[in-house]
Amino acid sequence: MPDTHPSKTNVKVEAWTFDVGDAGKTVDAFAEEVMHRVETAWAGGMDIVLLPEYLWAALEPLLPPDADMEYIAKVVWVDLMPKLRQRLCIKGRHAVVGTAPYLDPATKHLYNRALIFSDGRVLHQDKLFLTPWEHEFRAGRELFVFEMSGLRVAIIICLDIEVPELSSRLRGLNIDLLLVPSATETLYGSERVTRCASARAIELGCAVVVCPLVGKCDSSMVNVNLGRIAMYLPALKAFEAYDRSEDTRLVHQGWHALRAEVPEAVIHEAHRRRKETNPSQLNVNLTPEEVQIDESARTPPTKKIARRERM
């Protein structure tokens with residue numbers, strides 16, 4: 001991506017795939033690999049680091065045979081969190097360190113929760129919409145907007161990026177960046193995430209970065225994983241000097257990174273510009289009475305269609 005603006009107006013983001021089949025032989029080695037990736041990116045000048053959904057669920061093969069999601073939650077949030085906090089709570093640096101099962105101590109409900117270290121704080125975002133096989137989890141109820149390196153940022157976890165109603169709730173908030181940790185096991189799942197992420201960039205006038213889990217391991221949640229790392233920018237004149245769509249090939253395994261620069265000043269300029277078609281600036285609050293659907297579309301056709309005989 002061309003750097004046509006002073007570096008201080010470009011927020012540097014690095015998204016890493018995480019190979020769940022090659023992440024260490026012990027829990028401590030696994031955690032060390034995660035922290036090493038984040039710290040190396042920061043040392044290379046990155047402002048924000050993004051790692052994939054369900055990264056920490058890949059601890060399952062390293063735990064006792066009877067370990068379940070609650071056990072993994074304890075390992076991450078109780079056993080490992082002090083070390084993670086010590087190493088990754090850094091002023092001026094930000095990282096979404098994947099997601100992990102989280103057990104609410106009051107309700108005993110499990111959530112798919114993103115671990116967020118931002119400017120010396122520990123934050124979180126729960127997944128809001130769940131796939132059919134996430135039956136052990138409860139859906140989150142809140143979507144947070146954070147400030148990271150001068151950008152207004154939301155963390156949208158995998159399936160959540162596929163829900164346009166969620167995008168409409170963010171309309172008008174001048175979101176600058178969506179970070180999308182994902183875990184998909186098929187080409188079609190990966191396509192849904194990336195194609196919807198591109199649409200969200202258009203709808204919200206923001207940058208969107210997608211980061212998938214990859215690799216194979218003996219886990220009940222993440223045994224097979226593939227995807228594309230991607231970044232999308234709005235299709236607006238303000239971004240004409242930039243590659244508005246970047247992605248990697250379909251990745252099945254290994255460690256792969258996409259480095260991108262989110263042009264802070266350009267995004268803010270696009271938010272202010274009013275003389276260009278920009279869906280993010282439309283005031284859309286339609287009631288059922290304002291959208292008329294022809295009744296013929298509601299009623300299935302009664303006329304039978306004759307089957308064409310083979311010639």
# chains A, B, ... in the order shown; residues from 1 in each chain; ligands from 1
$ select_by_dssp --residues "region 9-210 of chain A" --states "strand (DSSP E or B)" --output "ChimeraX atom specification"
/A:10-16,18-19,48-51,94-103,110-118,121-126,137,145-148,151-155,177-182,184,207-210
$ residues_around --residues "Ala31 (chain A)" --least-positions-apart "6" --cutoff "10 Å" --atoms "only C-alpha atoms" --output "NGL selection string"
:A and (23-24 or 56 or 59 or 76 or 80-81 or 83-84)
$ closest_residue --among "A:Ala270, A:Val262, A:Leu55, A:Leu62" --to "Ala235 (chain A)" --atoms "only C-alpha atoms"
A:Ala270
$ residues_around --residues "Val75 (chain A)" --least-positions-apart "3" --cutoff "12 Å" --atoms "only C-alpha atoms" --output "ChimeraX atom specification"
/A:27-28,30-31,56-60,62-64,67-72,78-84,100-103
$ closest_residue --among "A:Glu142, A:Gln253, A:Asp218, A:Gly150" --to "Pro65 (chain A)" --atoms "only C-alpha atoms"
A:Asp218
$ closest_residue --among "A:Val163, A:Pro263, A:Met46, A:Gly205" --to "Asp243 (chain A)" --atoms "only C-alpha atoms"
A:Pro263
$ atom_distance --atom1 "CA of Cys217 (chain A)" --atom2 "CA of Trp133 (chain A)"
17.2 Å
$ residues_around --residues "region 184-188 of chain A" --least-positions-apart "2" --cutoff "9 Å" --atoms "only C-alpha atoms" --output "short mmCIF file (atom, residue, chain, number, x, y, z; two decimals) with C-alpha atoms, in the first residue's frame"
data_model
loop_
_atom_site.label_atom_id
_atom_site.label_comp_id
_atom_site.auth_asym_id
_atom_site.auth_seq_id
_atom_site.Cartn_x
_atom_site.Cartn_y
_atom_site.Cartn_z
CA CYS A 158 -16.26 -14.10 12.44
CA SER A 182 -12.20 -15.53 12.28
CA SER A 190 -13.96 -18.10 4.36
CA GLU A 191 -15.71 -16.54 1.37
CA ARG A 192 -18.67 -15.47 3.48
CA VAL A 193 -16.40 -13.70 5.93
CA PRO A 212 -8.22 -16.40 10.03
CA LEU A 213 -7.17 -19.41 12.06
CA VAL A 214 -5.35 -22.10 10.04
CA VAL A 222 -11.00 -26.11 15.69
CA ASN A 223 -9.76 -29.34 14.17
CA VAL A 224 -9.56 -28.04 10.56
CA ASN A 225 -9.03 -24.37 9.68
CA LEU A 226 -8.35 -22.29 6.57
CA GLY A 227 -8.89 -18.76 5.31
CA LEU A 250 -6.28 -19.31 0.61
#
$ decode --residues "region 238-282 of chain A" --atoms "N, CA and C atoms" --output "PDB file, in the first residue's frame"
ATOM      1  N   ALA A 238     -11.207   9.457  -1.914  1.00  0.00           N
ATOM      2  CA  ALA A 238     -10.148   9.753  -0.944  1.00  0.00           C
ATOM      3  C   ALA A 238      -9.103   8.654  -0.881  1.00  0.00           C
ATOM      4  N   PHE A 239      -9.476   7.425  -1.297  1.00  0.00           N
ATOM      5  CA  PHE A 239      -8.577   6.275  -1.203  1.00  0.00           C
ATOM      6  C   PHE A 239      -8.016   5.869  -2.566  1.00  0.00           C
ATOM      7  N   GLU A 240      -8.055   6.770  -3.547  1.00  0.00           N
ATOM      8  CA  GLU A 240      -7.637   6.383  -4.895  1.00  0.00           C
ATOM      9  C   GLU A 240      -6.153   6.034  -4.976  1.00  0.00           C
ATOM     10  N   ALA A 241      -5.335   6.532  -4.063  1.00  0.00           N
ATOM     11  CA  ALA A 241      -3.902   6.225  -4.093  1.00  0.00           C
ATOM     12  C   ALA A 241      -3.578   4.918  -3.382  1.00  0.00           C
ATOM     13  N   TYR A 242      -4.593   4.231  -2.869  1.00  0.00           N
ATOM     14  CA  TYR A 242      -4.379   3.028  -2.069  1.00  0.00           C
ATOM     15  C   TYR A 242      -4.956   1.800  -2.769  1.00  0.00           C
ATOM     16  N   ASP A 243      -4.355   0.657  -2.462  1.00  0.00           N
ATOM     17  CA  ASP A 243      -4.975  -0.611  -2.857  1.00  0.00           C
ATOM     18  C   ASP A 243      -6.168  -0.832  -1.924  1.00  0.00           C
ATOM     19  N   ARG A 244      -7.366  -0.768  -2.472  1.00  0.00           N
ATOM     20  CA  ARG A 244      -8.558  -0.812  -1.626  1.00  0.00           C
ATOM     21  C   ARG A 244      -8.989  -2.232  -1.287  1.00  0.00           C
ATOM     22  N   SER A 245      -8.325  -3.200  -1.867  1.00  0.00           N
ATOM     23  CA  SER A 245      -8.634  -4.596  -1.564  1.00  0.00           C
ATOM     24  C   SER A 245      -7.336  -5.391  -1.611  1.00  0.00           C
ATOM     25  N   GLU A 246      -6.947  -5.938  -0.476  1.00  0.00           N
ATOM     26  CA  GLU A 246      -5.744  -6.768  -0.389  1.00  0.00           C
ATOM     27  C   GLU A 246      -6.090  -8.057   0.326  1.00  0.00           C
ATOM     28  N   ASP A 247      -5.660  -9.184  -0.214  1.00  0.00           N
ATOM     29  CA  ASP A 247      -5.812 -10.433   0.527  1.00  0.00           C
ATOM     30  C   ASP A 247      -4.739 -11.422   0.095  1.00  0.00           C
ATOM     31  N   THR A 248      -4.561 -12.435   0.914  1.00  0.00           N
ATOM     32  CA  THR A 248      -3.603 -13.477   0.599  1.00  0.00           C
ATOM     33  C   THR A 248      -4.314 -14.587  -0.170  1.00  0.00           C
ATOM     34  N   ARG A 249      -3.541 -15.531  -0.630  1.00  0.00           N
ATOM     35  CA  ARG A 249      -4.155 -16.744  -1.181  1.00  0.00           C
ATOM     36  C   ARG A 249      -4.853 -17.489  -0.056  1.00  0.00           C
ATOM     37  N   LEU A 250      -5.639 -18.495  -0.407  1.00  0.00           N
ATOM     38  CA  LEU A 250      -6.279 -19.311   0.615  1.00  0.00           C
ATOM     39  C   LEU A 250      -5.202 -20.088   1.370  1.00  0.00           C
ATOM     40  N   VAL A 251      -5.147 -19.902   2.674  1.00  0.00           N
ATOM     41  CA  VAL A 251      -4.093 -20.476   3.508  1.00  0.00           C
ATOM     42  C   VAL A 251      -4.662 -21.646   4.307  1.00  0.00           C
ATOM     43  N   HIS A 252      -4.004 -22.792   4.228  1.00  0.00           N
ATOM     44  CA  HIS A 252      -4.431 -23.975   4.961  1.00  0.00           C
ATOM     45  C   HIS A 252      -3.583 -24.221   6.210  1.00  0.00           C
ATOM     46  N   GLN A 253      -2.331 -23.811   6.184  1.00  0.00           N
ATOM     47  CA  GLN A 253      -1.456 -24.045   7.329  1.00  0.00           C
ATOM     48  C   GLN A 253      -0.292 -23.078   7.276  1.00  0.00           C
ATOM     49  N   GLY A 254       0.454 -23.034   8.358  1.00  0.00           N
ATOM     50  CA  GLY A 254       1.645 -22.197   8.405  1.00  0.00           C
ATOM     51  C   GLY A 254       1.371 -20.818   8.985  1.00  0.00           C
ATOM     52  N   TRP A 255       2.432 -20.046   9.115  1.00  0.00           N
ATOM     53  CA  TRP A 255       2.391 -18.707   9.701  1.00  0.00           C
ATOM     54  C   TRP A 255       2.493 -17.678   8.580  1.00  0.00           C
ATOM     55  N   HIS A 256       1.476 -16.865   8.444  1.00  0.00           N
ATOM     56  CA  HIS A 256       1.430 -15.874   7.362  1.00  0.00           C
ATOM     57  C   HIS A 256       0.937 -14.551   7.941  1.00  0.00           C
ATOM     58  N   ALA A 257       1.464 -13.459   7.416  1.00  0.00           N
ATOM     59  CA  ALA A 257       1.096 -12.140   7.941  1.00  0.00           C
ATOM     60  C   ALA A 257       0.722 -11.204   6.804  1.00  0.00           C
ATOM     61  N   LEU A 258      -0.194 -10.311   7.104  1.00  0.00           N
ATOM     62  CA  LEU A 258      -0.523  -9.205   6.210  1.00  0.00           C
ATOM     63  C   LEU A 258      -0.290  -7.920   6.985  1.00  0.00           C
ATOM     64  N   ARG A 259       0.579  -7.088   6.439  1.00  0.00           N
ATOM     65  CA  ARG A 259       0.817  -5.786   7.046  1.00  0.00           C
ATOM     66  C   ARG A 259       0.082  -4.735   6.226  1.00  0.00           C
ATOM     67  N   ALA A 260      -0.623  -3.872   6.904  1.00  0.00           N
ATOM     68  CA  ALA A 260      -1.391  -2.843   6.218  1.00  0.00           C
ATOM     69  C   ALA A 260      -1.283  -1.542   6.990  1.00  0.00           C
ATOM     70  N   GLU A 261      -1.406  -0.449   6.272  1.00  0.00           N
ATOM     71  CA  GLU A 261      -1.421   0.859   6.904  1.00  0.00           C
ATOM     72  C   GLU A 261      -2.797   1.470   6.718  1.00  0.00           C
ATOM     73  N   VAL A 262      -3.466   1.725   7.819  1.00  0.00           N
ATOM     74  CA  VAL A 262      -4.786   2.331   7.781  1.00  0.00           C
ATOM     75  C   VAL A 262      -4.605   3.845   7.789  1.00  0.00           C
ATOM     76  N   PRO A 263      -4.997   4.523   6.718  1.00  0.00           N
ATOM     77  CA  PRO A 263      -4.742   5.970   6.612  1.00  0.00           C
ATOM     78  C   PRO A 263      -5.723   6.776   7.451  1.00  0.00           C
ATOM     79  N   GLU A 264      -5.300   7.087   8.661  1.00  0.00           N
ATOM     80  CA  GLU A 264      -6.183   7.768   9.608  1.00  0.00           C
ATOM     81  C   GLU A 264      -6.740   9.070   9.037  1.00  0.00           C
ATOM     82  N   ALA A 265      -5.850   9.920   8.516  1.00  0.00           N
ATOM     83  CA  ALA A 265      -6.299  11.223   8.021  1.00  0.00           C
ATOM     84  C   ALA A 265      -7.248  11.072   6.839  1.00  0.00           C
ATOM     85  N   VAL A 266      -7.000  10.084   5.981  1.00  0.00           N
ATOM     86  CA  VAL A 266      -7.838   9.890   4.801  1.00  0.00           C
ATOM     87  C   VAL A 266      -9.227   9.395   5.203  1.00  0.00           C
ATOM     88  N   ILE A 267      -9.280   8.469   6.157  1.00  0.00           N
ATOM     89  CA  ILE A 267     -10.579   7.979   6.624  1.00  0.00           C
ATOM     90  C   ILE A 267     -11.379   9.102   7.268  1.00  0.00           C
ATOM     91  N   HIS A 268     -10.724   9.925   8.065  1.00  0.00           N
ATOM     92  CA  HIS A 268     -11.435  11.029   8.698  1.00  0.00           C
ATOM     93  C   HIS A 268     -11.917  12.035   7.650  1.00  0.00           C
ATOM     94  N   GLU A 269     -11.109  12.247   6.617  1.00  0.00           N
ATOM     95  CA  GLU A 269     -11.531  13.130   5.526  1.00  0.00           C
ATOM     96  C   GLU A 269     -12.760  12.560   4.817  1.00  0.00           C
ATOM     97  N   ALA A 270     -12.765  11.254   4.584  1.00  0.00           N
ATOM     98  CA  ALA A 270     -13.901  10.617   3.923  1.00  0.00           C
ATOM     99  C   ALA A 270     -15.168  10.726   4.775  1.00  0.00           C
ATOM    100  N   HIS A 271     -15.027  10.638   6.101  1.00  0.00           N
ATOM    101  CA  HIS A 271     -16.187  10.799   6.979  1.00  0.00           C
ATOM    102  C   HIS A 271     -16.808  12.192   6.825  1.00  0.00           C
ATOM    103  N   ARG A 272     -15.949  13.207   6.569  1.00  0.00           N
ATOM    104  CA  ARG A 272     -16.437  14.588   6.489  1.00  0.00           C
ATOM    105  C   ARG A 272     -16.986  14.940   5.111  1.00  0.00           C
ATOM    106  N   ARG A 273     -16.496  14.266   4.080  1.00  0.00           N
ATOM    107  CA  ARG A 273     -16.856  14.639   2.716  1.00  0.00           C
ATOM    108  C   ARG A 273     -18.324  14.304   2.438  1.00  0.00           C
ATOM    109  N   ARG A 274     -19.055  15.265   1.875  1.00  0.00           N
ATOM    110  CA  ARG A 274     -20.480  15.087   1.652  1.00  0.00           C
ATOM    111  C   ARG A 274     -20.862  15.094   0.171  1.00  0.00           C
ATOM    112  N   LYS A 275     -19.942  15.381  -0.723  1.00  0.00           N
ATOM    113  CA  LYS A 275     -20.288  15.504  -2.141  1.00  0.00           C
ATOM    114  C   LYS A 275     -19.835  14.291  -2.935  1.00  0.00           C
ATOM    115  N   GLU A 276     -20.044  13.119  -2.364  1.00  0.00           N
ATOM    116  CA  GLU A 276     -19.701  11.869  -3.027  1.00  0.00           C
ATOM    117  C   GLU A 276     -20.639  10.795  -2.509  1.00  0.00           C
ATOM    118  N   THR A 277     -21.010   9.873  -3.382  1.00  0.00           N
ATOM    119  CA  THR A 277     -21.873   8.784  -2.943  1.00  0.00           C
ATOM    120  C   THR A 277     -21.145   7.946  -1.908  1.00  0.00           C
ATOM    121  N   ASN A 278     -21.700   7.911  -0.706  1.00  0.00           N
ATOM    122  CA  ASN A 278     -21.065   7.208   0.405  1.00  0.00           C
ATOM    123  C   ASN A 278     -22.171   6.623   1.280  1.00  0.00           C
ATOM    124  N   PRO A 279     -22.419   5.312   1.188  1.00  0.00           N
ATOM    125  CA  PRO A 279     -23.521   4.715   1.963  1.00  0.00           C
ATOM    126  C   PRO A 279     -23.422   4.954   3.461  1.00  0.00           C
ATOM    127  N   SER A 280     -22.209   5.138   3.979  1.00  0.00           N
ATOM    128  CA  SER A 280     -22.063   5.314   5.425  1.00  0.00           C
ATOM    129  C   SER A 280     -22.680   6.623   5.906  1.00  0.00           C
ATOM    130  N   GLN A 281     -22.926   7.558   4.996  1.00  0.00           N
ATOM    131  CA  GLN A 281     -23.460   8.851   5.395  1.00  0.00           C
ATOM    132  C   GLN A 281     -24.975   8.950   5.219  1.00  0.00           C
ATOM    133  N   LEU A 282     -25.596   7.881   4.727  1.00  0.00           N
ATOM    134  CA  LEU A 282     -27.044   7.911   4.544  1.00  0.00           C
ATOM    135  C   LEU A 282     -27.750   7.735   5.881  1.00  0.00           C
TER     136      LEU A 282
END
